[in-house]
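The block underneath contains the structure these notes are about, expressed in structure tokens.
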Amino acid sequence: MSLAGKNIFVTGGLGFIGSHTVLVLLEHGATVHLIDNMSNSFERVFEHMKKLAGDKADKMKFTKCDINDKETLTKIFEKETFDCVIHFAGYKAVGESVDKPLEYYHNNFVGTVILLEVMRQFKCKNMVFSSSCTVYGLPEEVPITESAPLKAISPYGRTKLFQEDMFRDLAVSDKEWRILLLRYFNPIGAHPSGDLGEHPVGIPNNLMPYIQQVALGQREFLRVFGNDYPTPDGTAVRDYIHVMDLAEGHVSAVVKTLATPDLGCTPINLGTGTGSSVLEMIKAFEGASGKKVEYRLVDRRAGDSVAVWAATETAEKQLGWKSKYNVDDMCKHQWAWASKYPQGYETPL
Ligand code: UD1
């Protein structure tokens, strides 16, 4: 699959999924201009990316820029022609979105309106969007297909759903738009080299960064939210997907977008199609790290689903893409990153 000669604009390119995706885009021959406002990332990410990109490092360019900054976006689009935009930038903490809904709507929704206006002005109408399985709310059945009912249950989830709605409206209004909505399940893991990974700012909300910190001895124990779910071991089940698989999925998505004039606005799940429980993930991480992950069973977390995993047929059919890594690989690579950079991008070099 080649993206040789293609120039891709990436928002949120220093984030967890963005940074891994940029590297994989380079591997497939693309050139990339990435932006990030650094609100939830580190400038040093780009140094790590350059190291991994090797002789392809000169094919990527970074500009510090917020998607709300129309002037800077316009300047970038004046200078370069882009074949496609991959839009990752956005706030993503569910709990925080409940406390700061306006910030979430402004950054995620208004910022996306501004980005789309600039894209339209410069006639770049190809977009791959970072959506989430959160748009399915509390799903009624698994595996979840793309036609499952949409219902967000948090301000964060609504910002994703509203963006999706806006993209659907846009594609109806103007047939030139081609928009692929990628609904990610639970991205984890790290670059297999251990030189790139996830670095959440503050106390992690998500399971795997928390497990990692317990294994490193940075936190005493993990709280397992609920062990009375109707699942085999009583803990909630999720579809964890390796960030490198996700990155490859974006390459396939860009190829598909560029090759499909009548794409309109299409949603595609990116997951593995299998679920793992919280206790299974603890065990897998212990196996990969050789460390004990202490945990305590506590009450369920409000708003959590029992079991979530993806139907993957659409991705296989439409993108020719399928995940390759299992949870042991995900934990192994995440531990490679964690043990090399215990303070993430703040680890002294
Ligand atoms: C969360 C977000 C979701 C987002 C997704 C992907 C919530 C409610 N949802 O989903 O919108 O799209 O991340 O990044 O935050 N768990 C523990 N202890 C912990 C942390 C988590 O037991 O300290 C459990 C959770 O109850 C859940 C599983 O681990 O069963 C995964 O949790 P998490 O990583 O937060 O992901 P999701 O809740 O699936």
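Residue numbering restarts at 1 for every chain of the structure tokens, chains are lettered A, B, ... in their displayed order, and ligands are numbered from 1 as they appear.
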Closest contacts (chain A/ligand 1, max 7 Å, only C-alpha atoms and all ligand atoms) as a tab-separated table:
residue	atom	partner	partner_atom_place_in_ligand_line	distance
A:Ala93	CA	ligand 1	15 (O)	6.7
A:Val94	CA	ligand 1	15 (O)	5.0
A:Gly95	CA	ligand 1	15 (O)	6.8
A:Ser132	CA	ligand 1	12 (O)	5.1
A:Cys133	CA	ligand 1	12 (O)	5.9
A:Thr134	CA	ligand 1	11 (O)	4.7
A:Gly157	CA	ligand 1	11 (O)	6.2
A:Phe185	CA	ligand 1	6 (C)	6.1
A:Asn186	CA	ligand 1	6 (C)	4.6
A:Pro187	CA	ligand 1	14 (O)	6.3
A:Asn205	CA	ligand 1	35 (O)	5.5
A:Asn206	CA	ligand 1	34 (O)	3.3
A:Leu207	CA	ligand 1	20 (C)	3.8
A:Met208	CA	ligand 1	34 (O)	6.2
A:Tyr210	CA	ligand 1	23 (O)	6.0
A:Leu222	CA	ligand 1	23 (O)	5.7
A:Arg223	CA	ligand 1	18 (N)	4.9
A:Val224	CA	ligand 1	22 (O)	3.4
A:Phe225	CA	ligand 1	22 (O)	3.9
A:Gly226	CA	ligand 1	22 (O)	6.9
A:Thr235	CA	ligand 1	30 (O)	6.9
A:Ala236	CA	ligand 1	30 (O)	4.3
A:Val237	CA	ligand 1	30 (O)	6.0
A:Arg238	CA	ligand 1	39 (O)	5.9
A:Val278	CA	ligand 1	29 (O)	5.4
A:Arg300	CA	ligand 1	26 (O)	6.7
A:Arg301	CA	ligand 1	26 (O)	5.8
A:Gly303	CA	ligand 1	8 (C)	5.6
A:Asp304	CA	ligand 1	8 (C)	5.3
Save out the residues we just selected, N, CA, C and O atoms, as a JSON list (two decimals), in the first residue's frame.
[["chain", "number", "residue", "atom", "x", "y", "z"],
["A", 93, "ALA", "N", -10.74, 13.43, 27.78],
["A", 93, "ALA", "CA", -10.99, 12.85, 29.11],
["A", 93, "ALA", "C", -12.47, 12.98, 29.47],
["A", 93, "ALA", "O", -13.00, 14.10, 29.59],
["A", 94, "VAL", "N", -13.12, 11.84, 29.62],
["A", 94, "VAL", "CA", -14.56, 11.82, 29.86],
["A", 94, "VAL", "C", -14.93, 12.61, 31.12],
["A", 94, "VAL", "O", -15.81, 13.47, 31.10],
["A", 95, "GLY", "N", -14.24, 12.31, 32.24],
["A", 95, "GLY", "CA", -14.56, 12.97, 33.51],
["A", 95, "GLY", "C", -14.38, 14.48, 33.42],
["A", 95, "GLY", "O", -15.25, 15.25, 33.86],
["A", 132, "SER", "N", -14.71, 7.62, 17.89],
["A", 132, "SER", "CA", -14.53, 6.71, 19.02],
["A", 132, "SER", "C", -15.76, 5.84, 19.18],
["A", 132, "SER", "O", -16.87, 6.25, 18.85],
["A", 133, "CYS", "N", -15.55, 4.66, 19.74],
["A", 133, "CYS", "CA", -16.68, 3.79, 20.02],
["A", 133, "CYS", "C", -17.57, 4.40, 21.09],
["A", 133, "CYS", "O", -18.66, 3.88, 21.36],
["A", 134, "THR", "N", -17.14, 5.51, 21.68],
["A", 134, "THR", "CA", -17.97, 6.21, 22.66],
["A", 134, "THR", "C", -19.28, 6.68, 22.02],
["A", 134, "THR", "O", -20.27, 6.87, 22.73],
["A", 157, "GLY", "N", -18.28, 12.50, 24.69],
["A", 157, "GLY", "CA", -18.90, 11.64, 23.69],
["A", 157, "GLY", "C", -19.77, 12.45, 22.74],
["A", 157, "GLY", "O", -19.79, 12.21, 21.53],
["A", 185, "PHE", "N", -11.73, 1.56, 19.15],
["A", 185, "PHE", "CA", -12.08, 0.93, 20.41],
["A", 185, "PHE", "C", -11.02, 1.35, 21.44],
["A", 185, "PHE", "O", -10.79, 2.54, 21.59],
["A", 186, "ASN", "N", -10.33, 0.49, 22.14],
["A", 186, "ASN", "CA", -9.44, 0.97, 23.21],
["A", 186, "ASN", "C", -7.97, 0.86, 22.79],
["A", 186, "ASN", "O", -7.36, -0.21, 22.95],
["A", 187, "PRO", "N", -7.40, 1.95, 22.30],
["A", 187, "PRO", "CA", -6.00, 1.90, 21.82],
["A", 187, "PRO", "C", -5.01, 1.83, 22.98],
["A", 187, "PRO", "O", -5.09, 2.64, 23.92],
["A", 205, "ASN", "N", -6.68, 8.26, 33.47],
["A", 205, "ASN", "CA", -8.08, 7.83, 33.57],
["A", 205, "ASN", "C", -8.24, 6.42, 33.03],
["A", 205, "ASN", "O", -9.10, 5.66, 33.45],
["A", 206, "ASN", "N", -7.43, 6.12, 32.03],
["A", 206, "ASN", "CA", -7.60, 4.85, 31.30],
["A", 206, "ASN", "C", -6.84, 3.72, 32.00],
["A", 206, "ASN", "O", -5.88, 3.94, 32.73],
["A", 207, "LEU", "N", -7.30, 2.53, 31.72],
["A", 207, "LEU", "CA", -6.79, 1.36, 32.43],
["A", 207, "LEU", "C", -5.29, 1.11, 32.23],
["A", 207, "LEU", "O", -4.54, 0.97, 33.21],
["A", 208, "MET", "N", -4.84, 1.03, 30.99],
["A", 208, "MET", "CA", -3.47, 0.55, 30.76],
["A", 208, "MET", "C", -2.39, 1.52, 31.24],
["A", 208, "MET", "O", -1.40, 1.07, 31.82],
["A", 210, "TYR", "N", -2.64, 3.33, 33.76],
["A", 210, "TYR", "CA", -2.66, 3.17, 35.22],
["A", 210, "TYR", "C", -1.93, 1.89, 35.62],
["A", 210, "TYR", "O", -1.09, 1.89, 36.53],
["A", 222, "LEU", "N", -4.02, -0.60, 41.64],
["A", 222, "LEU", "CA", -5.07, -0.25, 40.68],
["A", 222, "LEU", "C", -6.41, -0.49, 41.33],
["A", 222, "LEU", "O", -6.59, -1.48, 42.05],
["A", 223, "ARG", "N", -7.34, 0.39, 41.10],
["A", 223, "ARG", "CA", -8.71, 0.12, 41.52],
["A", 223, "ARG", "C", -9.43, -0.54, 40.35],
["A", 223, "ARG", "O", -9.47, 0.03, 39.25],
["A", 224, "VAL", "N", -9.92, -1.74, 40.57],
["A", 224, "VAL", "CA", -10.68, -2.42, 39.52],
["A", 224, "VAL", "C", -12.14, -2.04, 39.72],
["A", 224, "VAL", "O", -12.75, -2.38, 40.76],
["A", 225, "PHE", "N", -12.69, -1.34, 38.74],
["A", 225, "PHE", "CA", -14.04, -0.80, 38.88],
["A", 225, "PHE", "C", -15.10, -1.86, 38.59],
["A", 225, "PHE", "O", -15.49, -2.04, 37.44],
["A", 226, "GLY", "N", -15.53, -2.55, 39.64],
["A", 226, "GLY", "CA", -16.65, -3.49, 39.49],
["A", 226, "GLY", "C", -16.19, -4.91, 39.21],
["A", 226, "GLY", "O", -15.39, -5.13, 38.29],
["A", 235, "THR", "N", -15.44, -8.83, 35.76],
["A", 235, "THR", "CA", -14.93, -7.49, 35.44],
["A", 235, "THR", "C", -15.29, -7.13, 34.00],
["A", 235, "THR", "O", -15.54, -8.01, 33.16],
["A", 236, "ALA", "N", -15.30, -5.83, 33.72],
["A", 236, "ALA", "CA", -15.80, -5.35, 32.43],
["A", 236, "ALA", "C", -14.85, -5.72, 31.29],
["A", 236, "ALA", "O", -13.64, -5.84, 31.48],
["A", 237, "VAL", "N", -15.43, -5.86, 30.12],
["A", 237, "VAL", "CA", -14.69, -6.35, 28.96],
["A", 237, "VAL", "C", -14.60, -5.26, 27.89],
["A", 237, "VAL", "O", -15.58, -4.59, 27.59],
["A", 238, "ARG", "N", -13.39, -5.10, 27.33],
["A", 238, "ARG", "CA", -13.15, -4.10, 26.27],
["A", 238, "ARG", "C", -12.35, -4.71, 25.14],
["A", 238, "ARG", "O", -11.62, -5.69, 25.32],
["A", 278, "VAL", "N", -10.81, -6.75, 32.62],
["A", 278, "VAL", "CA", -9.81, -5.99, 33.38],
["A", 278, "VAL", "C", -8.81, -6.96, 34.02],
["A", 278, "VAL", "O", -7.59, -6.75, 33.94],
["A", 300, "ARG", "N", -18.34, -0.26, 40.78],
["A", 300, "ARG", "CA", -18.35, 0.09, 39.36],
["A", 300, "ARG", "C", -18.14, 1.60, 39.17],
["A", 300, "ARG", "O", -18.53, 2.38, 40.04],
["A", 301, "ARG", "N", -17.55, 1.98, 38.04],
["A", 301, "ARG", "CA", -17.42, 3.40, 37.70],
["A", 301, "ARG", "C", -18.68, 3.82, 36.95],
["A", 301, "ARG", "O", -19.11, 3.10, 36.02],
["A", 303, "GLY", "N", -21.20, 5.17, 34.41],
["A", 303, "GLY", "CA", -21.13, 5.37, 32.96],
["A", 303, "GLY", "C", -20.37, 4.29, 32.21],
["A", 303, "GLY", "O", -20.22, 4.38, 30.99],
["A", 304, "ASP", "N", -19.87, 3.27, 32.90],
["A", 304, "ASP", "CA", -19.13, 2.20, 32.22],
["A", 304, "ASP", "C", -20.06, 1.15, 31.63],
["A", 304, "ASP", "O", -21.06, 0.78, 32.25]]
Give me, as a PyMOL selection string, all polymer residues having an atom no more than 8 Å from A:Pro261, counting only C-alpha atoms and skipping those fewer than 4 positions away in the same chain.
chain A and resi 176+178+257
Separation of atom CA of A:Ser2 from atom CA of A:Ala57, in Å and rounded to one decimal
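Separation between atom CA of A:Ser2 and atom CA of A:Ala57: 17.6 Å.
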Could you pull out all residues of stretch 74-305 of chain A with a DSSP call of strand (DSSP E) and give them as a PyMOL selection string?
chain A and resi 84-87+126-132+178-184+186-188+222-225+237-238+240-242+265-270+276-277+295-298
Point-to-point distance from atom CA of A:Ile17 to atom CA of A:Glu43, Å rounded to tenths
15.3 Å
With DSSP run on the backbone, what are the helix (DSSP H, G or I) residues within stretch 207-295 of chain A? I'd like them as a ChimeraX atom specification.
/A:207-215,243-259,278-289
Which neighbours of A:Tyr341 fall inside 9 Å, counting only C-alpha atoms, when residues of the same chain fewer than 6 positions from it are skipped, and could you give them as a list in words?
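So the residues in contact are Gly194, Asp195, Thr347, Pro348 and Leu349 of chain A.
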Find the residue from A:Val32, A:Leu270, A:Met119, A:Val98 that sits nearest to A:Arg158; use only C-alpha atoms when measuring.
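Using only C-alpha atoms, the shortest distance to A:Arg158 belongs to A:Val98.
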If we count only C-alpha atoms and set the cut-off at 9 Å, which residues sit around A:Gly344, ignoring sequence neighbours fewer than 2 positions away in its own chain? Please answer as a ChimeraX atom specification.
/A:196-200,337-338,340-342,346-347
Determine the nearest neighbour of A:Tyr240 from the options A:Asn326, A:Thr312, A:Gln121, A:Asn227, counting only C-alpha atoms.
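Looking at the shortest contact to A:Tyr240, the residue is A:Asn326.
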Residues within 9 Å of stretch 63-66 of chain A, only C-alpha atoms, excluding chain neighbours under 2 positions, as a list in words:
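These residues fall inside the cut-off: Thr11, Gly12, His33, Leu34, Ile35, Asp36, Asn37, Met38, Lys61, Asn68, Asp69, Lys70, Thr72, Leu73, Ile76, Ala89, Asn107 and Gly111 of chain A.
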Minimum-distance residue to A:Glu117, chosen among A:Ile86, A:Ile67, A:Leu182, A:Leu3 (using only C-alpha atoms)
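Among the listed residues, the smallest separation from A:Glu117 belongs to A:Ile67.
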Excluding A:Gly320 and any residue of its chain fewer than 2 positions from it, enumerate the residues within 12 Å of it, using only C-alpha atoms, and give them as a list in words.
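Here the answer would be Met1, Glu248, Gly249, His250, Val251, Ser252, Ala253, Val255, Lys256, Ile268, Leu270, Thr312, Glu313, Thr314, Ala315, Glu316, Lys317, Gln318, Lys322 and Ser323 of chain A.
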Write out, as a short mmCIF file (atom, residue, chain, number, x, y, z; two decimals), in the first residue's frame, the residues just selected, with N, CA and C atoms.
data_model
loop_
_atom_site.label_atom_id
_atom_site.label_comp_id
_atom_site.auth_asym_id
_atom_site.auth_seq_id
_atom_site.Cartn_x
_atom_site.Cartn_y
_atom_site.Cartn_z
N MET A 1 0.86 -1.20 0.00
CA MET A 1 0.00 0.00 0.00
C MET A 1 0.89 1.24 0.00
N GLU A 248 -1.74 1.63 11.20
CA GLU A 248 -1.87 1.00 9.87
C GLU A 248 -3.28 1.20 9.32
N GLY A 249 -4.26 1.13 10.22
CA GLY A 249 -5.65 1.35 9.82
C GLY A 249 -5.84 2.73 9.20
N HIS A 250 -5.11 3.72 9.72
CA HIS A 250 -5.22 5.08 9.15
C HIS A 250 -4.63 5.16 7.75
N VAL A 251 -3.54 4.42 7.54
CA VAL A 251 -2.95 4.41 6.19
C VAL A 251 -3.97 3.83 5.22
N SER A 252 -4.58 2.71 5.60
CA SER A 252 -5.59 2.10 4.74
C SER A 252 -6.76 3.05 4.53
N ALA A 253 -7.10 3.81 5.58
CA ALA A 253 -8.22 4.75 5.48
C ALA A 253 -7.90 5.89 4.51
N VAL A 255 -5.77 5.72 1.99
CA VAL A 255 -5.76 5.12 0.64
C VAL A 255 -7.20 4.98 0.14
N LYS A 256 -8.07 4.48 1.00
CA LYS A 256 -9.47 4.29 0.63
C LYS A 256 -10.13 5.64 0.27
N ILE A 268 -16.33 3.58 10.10
CA ILE A 268 -15.70 2.26 10.15
C ILE A 268 -15.12 2.04 11.55
N LEU A 270 -12.57 0.50 14.17
CA LEU A 270 -11.22 -0.09 14.23
C LEU A 270 -11.06 -0.76 15.59
N THR A 312 -15.75 -6.31 13.04
CA THR A 312 -14.61 -5.84 12.24
C THR A 312 -14.79 -6.06 10.73
N GLU A 313 -15.94 -6.60 10.35
CA GLU A 313 -16.14 -6.95 8.93
C GLU A 313 -16.04 -5.74 8.01
N THR A 314 -16.59 -4.59 8.44
CA THR A 314 -16.57 -3.42 7.56
C THR A 314 -15.13 -2.99 7.28
N ALA A 315 -14.32 -2.97 8.33
CA ALA A 315 -12.91 -2.58 8.14
C ALA A 315 -12.21 -3.56 7.20
N GLU A 316 -12.50 -4.84 7.40
CA GLU A 316 -11.84 -5.85 6.54
C GLU A 316 -12.25 -5.67 5.09
N LYS A 317 -13.56 -5.46 4.89
CA LYS A 317 -14.08 -5.35 3.53
C LYS A 317 -13.72 -4.02 2.87
N GLN A 318 -13.93 -2.93 3.60
CA GLN A 318 -13.76 -1.60 3.00
C GLN A 318 -12.30 -1.16 2.95
N LYS A 322 -6.94 -5.45 8.97
CA LYS A 322 -7.26 -6.32 10.09
C LYS A 322 -6.16 -6.15 11.13
N SER A 323 -6.50 -6.20 12.40
CA SER A 323 -5.46 -6.05 13.42
C SER A 323 -4.56 -7.29 13.43
#
For A:Met60, which residue out of A:Leu25, A:Val45, A:Cys124, A:Ile144 is the nearest one, using only C-alpha atoms?
A:Leu25
Just want the 8 Å neighbourhood of A:Val22, counted on only C-alpha atoms, with same-chain residues fewer than 3 positions away dropped. Output as a compact mmCIF listing (two decimals) with N, CA, C and O atoms, in the first residue's frame.
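Saved as around-v5.txt:
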# COMPACT_ATOMS: atom_id res chain seq x y z
N VAL A 10 -1.82 16.50 9.39
CA VAL A 10 -2.25 15.74 10.57
C VAL A 10 -2.41 16.70 11.76
O VAL A 10 -1.46 17.38 12.15
N GLY A 13 -0.80 15.72 15.96
CA GLY A 13 0.23 14.78 15.50
C GLY A 13 1.26 14.40 16.54
O GLY A 13 2.06 13.50 16.30
N GLY A 18 -1.69 9.95 17.12
CA GLY A 18 -1.17 10.77 16.03
C GLY A 18 0.31 10.49 15.76
O GLY A 18 0.71 10.30 14.60
N SER A 19 1.12 10.43 16.80
CA SER A 19 2.57 10.26 16.60
C SER A 19 2.88 8.92 15.95
O SER A 19 3.72 8.84 15.03
N LEU A 25 2.73 6.56 8.32
CA LEU A 25 2.49 7.27 7.05
C LEU A 25 3.81 7.44 6.29
O LEU A 25 3.89 7.23 5.08
N LEU A 26 4.86 7.82 7.04
CA LEU A 26 6.18 8.01 6.40
C LEU A 26 6.67 6.69 5.81
O LEU A 26 7.19 6.66 4.68
N VAL A 32 4.39 14.46 5.51
CA VAL A 32 3.41 14.83 6.52
C VAL A 32 3.74 16.20 7.10
O VAL A 32 4.89 16.48 7.45
N ALA A 247 -2.57 2.63 13.68
CA ALA A 247 -1.82 3.49 12.76
C ALA A 247 -1.91 2.94 11.33
O ALA A 247 -2.17 3.69 10.37
Among the residues A:Val298, A:Ile241, A:Cys331, A:Leu263, the one that comes closest to A:Met127 [using only C-alpha atoms]
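Closest candidate: A:Leu263.
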